[in-house]
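K.L.:
File data13.cif follows (mmCIF, C-alpha atoms):
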data_data
loop_
_atom_site.label_atom_id
_atom_site.label_comp_id
_atom_site.auth_asym_id
_atom_site.auth_seq_id
_atom_site.Cartn_x
_atom_site.Cartn_y
_atom_site.Cartn_z
CA MET A 1 254.29 66.06 -55.00
CA SER A 2 252.89 63.00 -56.69
CA ALA A 3 250.00 63.27 -59.08
CA ILE A 4 247.46 63.53 -56.28
CA GLY A 5 249.31 66.17 -54.33
CA VAL A 6 250.48 63.71 -51.70
CA VAL A 7 252.94 60.92 -52.03
CA SER A 8 252.13 57.26 -51.64
CA SER A 9 249.75 57.88 -54.49
CA CYS A 10 249.29 54.20 -55.11
CA SER A 11 248.46 53.73 -51.52
CA CYS A 12 244.92 53.93 -50.40
CA LEU A 13 243.09 54.03 -47.20
CA CYS A 14 242.83 50.27 -46.84
CA PRO A 15 245.90 48.05 -46.56
CA GLY A 16 244.31 44.61 -46.41
CA VAL A 17 246.11 41.45 -45.45
CA TRP A 18 248.69 41.76 -48.17
CA LEU A 19 251.61 40.34 -46.20
CA LEU A 20 249.83 37.00 -45.96
CA LYS A 21 249.40 36.71 -49.75
CA PRO A 22 251.82 34.72 -51.94
CA GLY A 23 254.89 36.56 -53.08
CA MET A 24 255.10 38.77 -49.98
CA GLN A 25 257.04 36.46 -47.72
CA LYS A 26 260.51 36.97 -49.13
CA MET A 27 261.72 40.28 -47.73
CA SER A 28 265.22 41.67 -47.60
CA SER A 29 266.71 44.61 -45.75
CA PHE A 30 267.77 47.87 -47.30
CA GLY A 31 269.25 50.99 -45.83
CA LEU A 32 268.76 54.71 -46.03
CA HIS A 33 268.83 56.47 -49.37
CA THR A 34 269.10 60.23 -49.17
CA ALA A 35 270.54 61.42 -52.47
CA ALA A 36 268.08 63.02 -54.86
CA ARG A 37 269.03 64.75 -58.07
CA CYS A 38 267.61 65.86 -61.37
CA ALA A 39 268.98 62.87 -63.26
CA ALA A 40 272.41 61.31 -62.89
CA LYS A 41 272.12 59.54 -66.23
CA ASP A 42 269.89 59.79 -69.27
CA TYR A 43 269.26 56.02 -69.55
CA TYR A 44 268.17 53.34 -67.08
CA GLU A 45 267.38 49.71 -67.59
CA VAL A 46 264.28 50.10 -65.41
CA LEU A 47 262.60 53.47 -64.99
CA VAL A 48 259.82 53.77 -62.39
CA LEU A 49 257.40 56.69 -62.54
CA GLY A 50 256.05 57.51 -59.08
CA GLY A 51 257.42 57.05 -55.58
CA GLY A 52 254.23 55.92 -53.90
CA THR A 53 253.48 52.40 -52.67
CA GLY A 54 253.68 50.73 -56.08
CA GLY A 55 256.72 52.67 -57.24
CA ILE A 56 258.83 52.06 -54.13
CA THR A 57 257.81 48.40 -53.91
CA MET A 58 258.65 47.73 -57.57
CA SER A 59 261.93 49.66 -57.48
CA ALA A 60 263.03 47.46 -54.54
CA ARG A 61 262.12 44.35 -56.52
CA MET A 62 263.84 45.61 -59.70
CA LYS A 63 266.99 46.51 -57.79
CA ARG A 64 267.40 42.81 -56.98
CA LYS A 65 266.97 41.91 -60.66
CA VAL A 66 269.17 44.41 -62.48
CA GLY A 67 271.23 46.15 -59.76
CA ALA A 68 270.50 49.40 -57.94
CA GLY A 69 272.48 51.59 -60.34
CA ASN A 70 270.29 50.47 -63.24
CA VAL A 71 267.02 51.52 -61.59
CA ALA A 72 265.65 55.05 -61.18
CA VAL A 73 262.48 56.42 -59.59
CA VAL A 74 260.97 59.72 -60.75
CA GLU A 75 259.23 61.35 -57.76
CA PRO A 76 259.10 65.08 -56.95
CA SER A 77 257.85 64.89 -53.37
CA GLU A 78 260.08 65.00 -50.28
CA THR A 79 257.51 63.11 -48.16
CA HIS A 80 255.99 59.64 -48.49
CA TYR A 81 252.66 59.10 -46.71
CA TYR A 82 250.99 55.93 -45.53
CA GLN A 83 247.51 57.11 -46.44
CA PRO A 84 245.49 54.20 -44.99
CA LEU A 85 246.15 55.79 -41.59
CA TRP A 86 244.28 58.97 -42.52
CA THR A 87 240.88 57.44 -41.73
CA LEU A 88 242.08 57.13 -38.12
CA VAL A 89 243.72 60.58 -38.19
CA GLY A 90 240.40 62.12 -39.25
CA GLY A 91 238.71 60.22 -36.43
CA GLY A 92 241.23 61.40 -33.83
CA ALA A 93 242.67 57.94 -33.21
CA LYS A 94 246.12 58.59 -34.76
CA GLN A 95 248.44 61.56 -35.30
CA LEU A 96 249.11 62.76 -38.85
CA ALA A 97 252.88 62.77 -38.24
CA THR A 98 252.87 58.99 -37.78
CA SER A 99 251.75 58.55 -41.41
CA ALA A 100 254.77 60.37 -42.88
CA ARG A 101 258.38 59.48 -43.66
CA PRO A 102 260.98 61.31 -45.77
CA THR A 103 260.93 59.93 -49.32
CA GLY A 104 264.68 59.38 -49.11
CA SER A 105 264.20 57.01 -46.19
CA VAL A 106 261.91 54.67 -48.16
CA MET A 107 263.87 54.78 -51.43
CA PRO A 108 265.81 51.51 -51.86
CA LYS A 109 269.51 52.08 -51.17
CA GLY A 110 271.48 52.79 -54.34
CA VAL A 111 268.43 53.28 -56.54
CA GLU A 112 268.55 56.64 -58.29
CA TRP A 113 265.93 59.10 -57.01
CA ILE A 114 265.17 61.61 -59.77
CA LYS A 115 263.46 64.44 -57.93
CA SER A 116 261.38 65.78 -60.78
CA ARG A 117 257.96 65.56 -62.37
CA VAL A 118 257.03 63.60 -65.49
CA THR A 119 255.65 65.90 -68.21
CA ALA A 120 255.25 63.50 -71.16
CA LEU A 121 255.62 59.83 -72.12
CA ASP A 122 256.92 58.67 -75.51
CA PRO A 123 256.74 54.85 -75.45
CA ASP A 124 257.42 54.63 -79.20
CA LYS A 125 260.88 56.04 -78.52
CA ASN A 126 261.32 54.38 -75.10
CA CYS A 127 261.68 57.67 -73.25
CA VAL A 128 259.92 60.11 -70.96
CA TRP A 129 260.24 63.86 -70.58
CA LEU A 130 260.68 65.54 -67.22
CA GLU A 131 260.56 69.18 -66.14
CA ASN A 132 263.14 71.51 -67.72
CA ASP A 133 262.99 69.41 -70.92
CA ILE A 134 265.06 66.60 -69.45
CA LYS A 135 264.78 63.38 -71.44
CA ILE A 136 265.27 59.97 -69.81
CA SER A 137 265.37 56.76 -71.85
CA TYR A 138 264.65 53.27 -70.57
CA LYS A 139 264.59 49.61 -71.50
CA TYR A 140 261.62 48.84 -69.22
CA LEU A 141 259.11 51.34 -67.84
CA ILE A 142 256.89 50.87 -64.75
CA ILE A 143 254.11 53.45 -64.38
CA SER A 144 252.89 53.97 -60.83
CA LEU A 145 251.61 57.55 -60.80
CA GLY A 146 248.62 57.10 -58.53
CA ILE A 147 245.33 58.96 -58.80
CA SER A 148 244.53 62.67 -58.81
CA LEU A 149 242.12 64.42 -56.45
CA HIS A 150 239.83 67.03 -57.97
CA TYR A 151 238.26 69.10 -55.22
CA GLU A 152 237.97 71.92 -57.75
CA LYS A 153 235.29 69.98 -59.64
CA ILE A 154 232.95 70.71 -56.72
CA LYS A 155 231.83 74.35 -56.85
CA GLY A 156 233.02 76.19 -53.75
CA LEU A 157 236.04 73.95 -53.17
CA PRO A 158 238.87 73.82 -52.26
CA GLU A 159 238.45 77.36 -50.87
CA GLY A 160 235.53 76.09 -48.74
CA PHE A 161 238.01 74.27 -46.51
CA GLU A 162 239.02 77.64 -45.07
CA HIS A 163 235.71 77.59 -43.22
CA PRO A 164 235.06 75.41 -40.15
CA LYS A 165 232.84 72.31 -39.98
CA ILE A 166 234.20 70.78 -43.20
CA GLY A 167 237.02 68.27 -43.72
CA SER A 168 238.31 65.51 -45.98
CA ASN A 169 240.40 62.48 -45.06
CA TYR A 170 241.77 62.23 -48.60
CA SER A 171 244.25 65.13 -48.42
CA VAL A 172 247.14 65.80 -46.06
CA HIS A 173 245.95 69.42 -45.97
CA THR A 174 242.37 68.68 -44.85
CA VAL A 175 242.44 65.43 -42.85
CA GLU A 176 243.01 67.20 -39.52
CA LYS A 177 240.09 69.52 -40.30
CA THR A 178 237.86 66.42 -40.21
CA TRP A 179 238.85 65.75 -36.58
CA LYS A 180 238.31 69.42 -35.68
CA ALA A 181 234.82 69.40 -37.27
CA LEU A 182 234.04 66.16 -35.43
CA GLN A 183 235.02 67.66 -32.08
CA ASP A 184 233.22 70.98 -32.70
CA PHE A 185 229.93 69.32 -33.69
CA LYS A 186 226.96 70.61 -31.66
CA GLU A 187 223.73 69.55 -33.36
CA GLY A 188 222.25 69.12 -36.84
CA ASN A 189 223.14 67.26 -40.01
CA ALA A 190 226.43 65.40 -40.32
CA ILE A 191 226.85 64.61 -44.03
CA PHE A 192 229.36 62.17 -45.57
CA THR A 193 229.78 61.99 -49.36
CA PHE A 194 230.86 59.58 -52.10
CA PRO A 195 231.59 61.08 -55.59
CA ASN A 196 230.46 60.00 -59.03
CA THR A 197 233.96 58.87 -60.09
CA PRO A 198 236.36 56.01 -59.36
CA VAL A 199 237.96 56.52 -55.93
CA LYS A 200 240.79 54.99 -53.98
CA CYS A 201 239.37 52.74 -51.30
CA ALA A 202 235.64 52.77 -51.81
CA GLY A 203 235.12 51.96 -48.14
CA ALA A 204 236.90 55.04 -46.74
CA PRO A 205 234.06 57.56 -47.28
CA GLN A 206 231.85 55.62 -44.86
CA LYS A 207 234.57 54.56 -42.39
CA ILE A 208 234.81 58.13 -41.04
CA MET A 209 231.03 58.17 -40.71
CA TYR A 210 231.06 55.16 -38.36
CA LEU A 211 233.92 56.67 -36.35
CA SER A 212 232.02 59.96 -36.07
CA GLU A 213 228.89 58.16 -34.89
CA ALA A 214 230.91 56.31 -32.25
CA TYR A 215 232.63 59.51 -31.10
CA TRP A 216 229.32 61.35 -30.65
CA ARG A 217 227.90 58.39 -28.74
CA LYS A 218 230.91 58.50 -26.44
CA THR A 219 230.62 62.27 -25.91
CA GLY A 220 226.83 62.34 -25.44
CA LYS A 221 226.05 64.17 -28.69
CA ARG A 222 224.61 61.29 -30.71
CA SER A 223 220.96 62.18 -30.08
CA ARG A 224 221.58 65.63 -31.56
CA ALA A 225 223.20 64.31 -34.76
CA ASN A 226 221.31 63.44 -37.95
CA ILE A 227 223.91 61.33 -39.80
CA MET A 228 223.55 61.11 -43.58
CA PHE A 229 225.56 59.19 -46.17
CA ASN A 230 224.95 60.75 -49.59
CA THR A 231 226.49 58.43 -52.18
CA SER A 232 226.50 58.54 -55.96
CA LEU A 233 226.33 54.73 -55.97
CA GLY A 234 223.20 52.57 -55.87
CA VAL A 235 224.59 50.22 -53.19
CA ILE A 236 226.43 50.72 -49.90
CA PHE A 237 229.34 48.46 -50.97
CA GLY A 238 230.16 46.51 -54.11
CA VAL A 239 230.49 43.05 -52.53
CA LYS A 240 227.15 41.67 -51.34
CA LYS A 241 228.46 39.74 -48.33
CA TYR A 242 229.95 42.88 -46.77
CA ALA A 243 227.18 45.17 -48.04
CA ASP A 244 224.62 43.06 -46.16
CA ALA A 245 226.61 43.45 -42.94
CA LEU A 246 226.98 47.21 -43.42
CA VAL A 247 223.26 47.67 -44.08
CA GLU A 248 222.54 46.03 -40.71
CA ILE A 249 225.03 48.35 -38.97
CA ILE A 250 223.45 51.38 -40.65
CA LYS A 251 220.00 50.31 -39.43
CA GLU A 252 221.22 49.68 -35.88
CA ARG A 253 222.91 53.07 -35.67
CA ASN A 254 220.05 55.01 -37.27
CA ILE A 255 222.08 56.38 -40.19
CA ALA A 256 220.24 57.75 -43.26
CA VAL A 257 221.60 56.64 -46.64
CA ASN A 258 220.64 58.58 -49.77
CA TYR A 259 221.67 56.73 -52.92
CA LYS A 260 222.40 58.30 -56.31
CA ARG A 261 223.26 61.67 -54.75
CA ASN A 262 226.38 63.45 -56.00
CA LEU A 263 227.92 66.49 -54.28
CA VAL A 264 228.15 69.34 -56.83
CA GLU A 265 228.54 72.46 -54.68
CA VAL A 266 229.57 73.51 -51.17
CA ARG A 267 228.44 76.89 -49.81
CA ALA A 268 230.74 76.84 -46.82
CA ASP A 269 229.80 80.33 -45.61
CA LYS A 270 226.18 79.19 -45.25
CA GLN A 271 227.01 75.59 -44.29
CA GLU A 272 225.05 74.24 -47.26
CA ALA A 273 225.85 71.23 -49.44
CA VAL A 274 224.18 70.88 -52.86
CA PHE A 275 223.62 67.41 -54.31
CA GLU A 276 222.47 66.35 -57.77
CA ASN A 277 219.96 63.50 -57.98
CA LEU A 278 221.64 61.20 -60.51
CA ASP A 279 218.29 59.54 -61.27
CA LYS A 280 216.96 62.97 -62.25
CA PRO A 281 219.86 64.79 -63.95
CA GLY A 282 219.81 68.51 -63.30
CA VAL A 283 217.60 68.18 -60.22
CA THR A 284 219.41 69.30 -57.07
CA GLU A 285 218.69 69.36 -53.35
CA VAL A 286 220.27 71.53 -50.67
CA HIS A 287 221.16 70.25 -47.21
CA GLN A 288 222.24 72.34 -44.25
CA TYR A 289 225.16 70.79 -42.40
CA GLU A 290 226.80 71.04 -39.00
CA MET A 291 229.60 68.79 -40.25
CA LEU A 292 230.54 67.82 -43.82
CA HIS A 293 233.10 65.20 -44.87
CA VAL A 294 233.95 65.46 -48.56
CA THR A 295 235.30 62.61 -50.68
CA PRO A 296 236.53 64.43 -53.80
CA PRO A 297 236.07 63.40 -57.44
CA MET A 298 239.17 61.56 -58.65
CA GLY A 299 240.75 60.71 -61.98
CA PRO A 300 243.98 59.83 -63.80
CA PRO A 301 246.99 62.13 -63.37
CA ASP A 302 247.04 64.88 -66.01
CA VAL A 303 250.21 63.54 -67.66
CA LEU A 304 248.37 60.31 -68.51
CA ILE A 305 245.33 61.93 -70.12
CA ASN A 306 245.62 61.59 -73.93
CA SER A 307 248.94 59.77 -73.44
CA PRO A 308 249.91 56.91 -75.81
CA VAL A 309 250.01 54.53 -72.81
CA SER A 310 246.47 55.30 -71.64
CA ASP A 311 242.95 54.23 -72.51
CA GLU A 312 240.32 56.73 -73.68
CA ILE A 313 239.72 57.97 -70.12
CA GLY A 314 243.38 58.31 -69.14
CA TRP A 315 244.11 55.17 -67.11
CA VAL A 316 247.22 53.15 -68.05
CA ASP A 317 245.98 50.41 -70.37
CA VAL A 318 247.32 47.12 -69.04
CA ASP A 319 246.40 43.44 -69.28
CA LYS A 320 244.32 42.73 -66.17
CA GLU A 321 246.10 39.43 -65.47
CA THR A 322 249.76 40.24 -66.20
CA LEU A 323 249.89 44.08 -65.75
CA GLN A 324 251.85 44.31 -68.99
CA HIS A 325 250.81 47.13 -71.31
CA LYS A 326 248.45 46.00 -74.06
CA LYS A 327 250.43 47.75 -76.84
CA TYR A 328 253.96 48.29 -75.51
CA PRO A 329 255.49 45.03 -74.18
CA ASN A 330 258.27 46.82 -72.25
CA VAL A 331 255.80 49.06 -70.39
CA PHE A 332 253.96 48.00 -67.21
CA GLY A 333 251.49 49.58 -64.83
CA ILE A 334 250.63 49.08 -61.18
CA GLY A 335 248.20 50.58 -58.72
CA ASP A 336 245.68 53.38 -58.85
CA CYS A 337 246.76 54.82 -62.23
CA THR A 338 245.84 51.64 -64.14
CA ASN A 339 242.54 50.52 -65.66
CA LEU A 340 242.54 47.25 -63.72
CA PRO A 341 238.87 46.56 -62.86
CA THR A 342 239.41 46.24 -59.11
CA SER A 343 239.30 48.56 -56.11
CA LYS A 344 242.20 50.98 -55.86
CA THR A 345 243.84 50.04 -52.54
CA ALA A 346 247.30 49.46 -51.08
CA ALA A 347 246.34 45.81 -50.67
CA ALA A 348 245.70 45.59 -54.40
CA VAL A 349 249.13 47.12 -55.07
CA ALA A 350 250.75 44.54 -52.80
CA ALA A 351 249.08 41.65 -54.62
CA GLN A 352 249.85 43.22 -58.01
CA SER A 353 253.54 43.71 -57.16
CA GLY A 354 254.17 39.96 -56.83
CA VAL A 355 252.50 39.26 -60.17
CA LEU A 356 254.25 42.15 -61.92
CA ASP A 357 257.60 41.02 -60.55
CA GLN A 358 257.14 37.64 -62.21
CA THR A 359 255.76 39.19 -65.40
CA ILE A 360 258.81 41.41 -65.84
CA SER A 361 261.19 38.54 -65.00
CA LEU A 362 259.78 36.47 -67.87
CA VAL A 363 259.63 39.41 -70.29
CA MET A 364 263.31 40.07 -69.57
CA LYS A 365 263.98 36.47 -70.64
CA ASN A 366 261.85 36.89 -73.78
CA GLN A 367 259.25 34.55 -72.35
CA LEU A 368 255.49 35.00 -72.06
CA PRO A 369 254.09 35.96 -68.64
CA THR A 370 252.34 33.09 -66.84
CA LYS A 371 251.44 34.45 -63.39
CA LYS A 372 247.90 35.85 -63.28
CA TYR A 373 246.51 38.56 -61.01
CA ASP A 374 243.01 37.63 -59.82
CA GLY A 375 241.99 41.16 -58.82
CA TYR A 376 242.64 40.58 -55.11
CA THR A 377 242.05 43.68 -53.04
CA SER A 378 241.20 44.37 -49.44
CA CYS A 379 239.42 47.04 -47.47
CA PRO A 380 239.36 46.99 -43.67
CA LEU A 381 235.97 48.62 -43.06
CA VAL A 382 236.42 50.54 -39.82
CA THR A 383 233.02 50.55 -38.08
CA GLY A 384 234.13 51.96 -34.70
CA TYR A 385 237.17 52.78 -32.56
CA ASN A 386 237.81 49.09 -31.95
CA LYS A 387 235.88 47.34 -34.72
CA VAL A 388 236.66 46.36 -38.31
CA ILE A 389 234.96 44.24 -40.95
CA LEU A 390 237.80 42.90 -43.11
CA ALA A 391 236.59 42.85 -46.72
CA GLU A 392 238.76 40.89 -49.17
CA PHE A 393 237.59 40.10 -52.69
CA ASP A 394 238.54 39.52 -56.33
CA TYR A 395 237.71 40.85 -59.82
CA ASN A 396 234.28 39.22 -59.67
CA ALA A 397 233.41 40.92 -56.35
CA GLN A 398 233.56 37.50 -54.70
CA PRO A 399 235.05 37.19 -51.19
CA LEU A 400 238.68 36.02 -51.26
CA GLU A 401 239.36 35.80 -47.55
CA THR A 402 242.55 35.11 -45.62
CA PHE A 403 241.19 33.86 -42.31
CA PRO A 404 239.01 30.79 -41.51
CA ILE A 405 236.35 32.98 -39.88
CA ASP A 406 233.37 35.01 -41.06
CA GLN A 407 235.10 38.25 -42.03
CA SER A 408 231.79 40.06 -42.50
CA LYS A 409 231.49 40.32 -38.71
CA GLU A 410 232.93 43.28 -36.77
CA ARG A 411 236.06 42.22 -34.88
CA VAL A 412 238.42 43.89 -32.42
CA THR A 413 241.36 41.82 -33.68
CA MET A 414 240.89 43.17 -37.22
CA TYR A 415 240.85 46.73 -35.87
CA HIS A 416 244.24 46.23 -34.20
CA MET A 417 245.58 44.70 -37.41
CA LYS A 418 244.41 47.78 -39.34
CA ALA A 419 245.55 50.36 -36.79
CA ASP A 420 248.78 48.86 -35.47
CA MET A 421 250.08 45.85 -37.38
CA MET A 422 249.55 47.07 -40.95
CA PRO A 423 251.45 50.37 -40.61
CA PHE A 424 254.42 48.49 -39.14
CA LEU A 425 254.34 45.91 -41.95
CA TYR A 426 253.94 48.64 -44.58
CA TRP A 427 257.13 50.48 -43.59
CA ASN A 428 259.17 47.40 -42.70
CA ALA A 429 258.04 44.79 -45.23
CA LEU A 430 255.91 45.87 -48.20
CA LEU A 431 258.03 48.81 -49.28
CA LYS A 432 261.14 46.67 -49.05
#
Represent the structure from my file as structure tokens, please.
P.N.:
Amino acid sequence: MSAIGVVSSCSCLCPGVWLLKPGMQKMSSFGLHTAARCAAKDYYEVLVLGGGTGGITMSARMKRKVGAGNVAVVEPSETHYYQPLWTLVGGGAKQLATSARPTGSVMPKGVEWIKSRVTALDPDKNCVWLENDIKISYKYLIISLGISLHYEKIKGLPEGFEHPKIGSNYSVHTVEKTWKALQDFKEGNAIFTFPNTPVKCAGAPQKIMYLSEAYWRKTGKRSRANIMFNTSLGVIFGVKKYADALVEIIKERNIAVNYKRNLVEVRADKQEAVFENLDKPGVTEVHQYEMLHVTPPMGPPDVLINSPVSDEIGWVDVDKETLQHKKYPNVFGIGDCTNLPTSKTAAAVAAQSGVLDQTISLVMKNQLPTKKYDGYTSCPLVTGYNKVILAEFDYNAQPLETFPIDQSKERVTMYHMKADMMPFLYWNALLK
């Protein structure tokens, strides 16, 4: 599997309106690719690490530049997931199976699929090491390894998921447990968490909360539910325009928000969640729960920590405008594994792919990159079974909206775009 344990590691739970952004209009068809092997050759003109959203998208673009036989993708997982759908899977609105495709079916035809795991990067020698001490050299390297989930950093997890009443929309193994916990809810505290780390799609931890609230209203259980959002952050959302709208929704629906609270332990046998007060380090509080949705701590994939291509934390160190590596001019990064100061979403990957395509084109011609990425990202904030606030914004947390309407308002049309149109466009346009 990819670095996070599920493929589509550069994908996130919010696809945005990426197809409408520049650079996404020119699509071409490609057919089925089923062959996967350890490594057919030991050198490729373009080597892509990761077969998630960023990796597949960039390999399709590079195929058109240098020819399919000169491009290889390193990806160990047999399955590619469209993770933005998992919010709706956890809320019972979609089936998990609809989010999955065989990796071979999304791999651009003719591009080499190296079914292995990256174990080390040596950019000074223009090569990477795979499992079984296989060495692959490259002329250009694109790193798209996604983000890692760390349930184990919360005491009592992941083994706590063996108990009922607890789920997490961030893992293929636990997303259906969210829906089960939602259905089995009787009365008491329903707690939704946000960790004290970077996460993919910062809106997803609260989307399932709004869906849960709507489900309990529909099933007559709402009056017996005390809904709590315990977040490590000091605000509900990082962009004021959308945060203001969400605060109003939270008030209307009588949801309690506890800021600066970080989940540190789950006692699943007792149905207890322990939170640290980040304003008072070391001080904890225990909450009983009838349902608990966990958003896990996240971080860079292990192979990138202390790697020559990474910053001091472990994120791939790229120029925020061109996506070219700051030290190695033939190395590039895209998506969740980079230190780009924007939200980690599939929409961001889509916007980045157009810029990176142009960056690499110019670098291949020994010219300086000119196209600049403005940090565009998008998060469809699901606030009910037929409502979405479509948040779109840039590096400066300023709205960067597609439609000539107030996107901070809940809209049925945006829900259908999120639930129906975006998955279709993802499989049939973005990845190609």
K.L.:
Considering all atoms listed in the file, state which residue in the set A:Val382, A:Val303, A:Ile134, A:Val172 is at the smallest distance from Ala419 in chain A.
P.N.:
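Residue with the minimum atom-to-atom distance to Ala419 in chain A: A:Val382.
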K.L.:
To test your reading of the syntax: which residues would the PyMOL selection byres ((chain A and resi 334-338) around 9) return for the file shown? Reply as a ChimeraX atom specification.
P.N.:
/A:9-12,53-55,58,142-148,199-200,299-301,304,310,314-318,323,332-333,339-341,343-346,348-350,352-353,356
K.L.:
Using Å and a single decimal, report how far CA of Gly234 in chain A sits from CA of Glu272 in chain A.
P.N.:
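Between CA of Glu272 in chain A and CA of Gly234 in chain A the gap is 23.4 Å.
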K.L.:
Please list, as a PyMOL selection string, the residues that have an atom at most 10 Å away from (234.4, 50.5, -49.2) in the coordinates of this file, counting only C-alpha atoms.
P.N.:
chain A and resi 13-14+199-207+236-239+242-243+246+343+378-382+391
K.L.:
Can you pull out every residue within 6 Å of Thr377 in chain A, counting only C-alpha atoms, but drop anything in the same chain fewer than 6 positions away, and send it as an mmCIF file with C-alpha atoms, in the coordinates of the input?
P.N.:
data_model
loop_
_atom_site.group_PDB
_atom_site.id
_atom_site.type_symbol
_atom_site.label_atom_id
_atom_site.label_comp_id
_atom_site.auth_asym_id
_atom_site.auth_seq_id
_atom_site.Cartn_x
_atom_site.Cartn_y
_atom_site.Cartn_z
ATOM 1 C CA ALA A 347 246.340 45.810 -50.670
ATOM 2 C CA ALA A 348 245.700 45.590 -54.400
ATOM 3 C CA GLU A 392 238.760 40.890 -49.170
ATOM 4 C CA PHE A 393 237.590 40.100 -52.690
#
K.L.:
Out of A:Met421, A:Leu233, A:Ile136, A:Ile389, which residue has the shortest atom-to-atom distance to Asp42 in chain A when counting only C-alpha atoms?
P.N.:
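When distances to Asp42 in chain A are compared using only C-alpha atoms, the smallest one comes from A:Ile136.
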K.L.:
What is the distance, in Å and to one decimal place, between CA of Asp184 in chain A and CA of His287 in chain A?
P.N.:
18.9 Å
K.L.:
List the residues sitting within 12 Å of (234.7, 35.6, -50.8) in the file's frame, using all atoms listed in the file, as an NGL selection string.
P.N.:
:A and (239-242 or 376-378 or 390-408)
K.L.:
On this structure, which residues satisfy the PyMOL selection byres ((chain A and resi 214) around 12), written as number ranges by chain?
P.N.:
A: 91-93, 182, 207-213, 215-223, 225, 227, 249, 253, 255, 382-387
K.L.:
Could you check which of A:Asn262, A:Thr231, A:Thr174, A:Ser99 is closest to Ile154 in chain A, using all atoms listed in the file?
P.N.:
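Looking at the shortest contact to Ile154 in chain A, the residue is A:Asn262.
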K.L.:
With only C-alpha atoms as the atoms that count, which of A:Met414, A:Asn428, A:Tyr373, A:Gln271 lies nearest to Phe161 in chain A?
P.N.:
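So, comparing all the options, the nearest one is A:Gln271.
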K.L.:
Determine the nearest neighbour of Leu368 in chain A from the options A:Ser171, A:Asn132, A:Asn230, A:Gln324, counting only C-alpha atoms.
P.N.:
A:Gln324
K.L.:
Under the rule that all atoms listed in the file are counted, which of A:Ala60, A:Val128, A:Ala97, A:Leu141 is the nearest residue to Gly110 in chain A?
P.N.:
A:Ala60
K.L.:
Could you state the separation of CA of His150 in chain A and CA of Val274 in chain A in Å, given to one decimal place?
P.N.:
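So the two atoms, CA of His150 in chain A and CA of Val274 in chain A, lie 16.9 Å apart.
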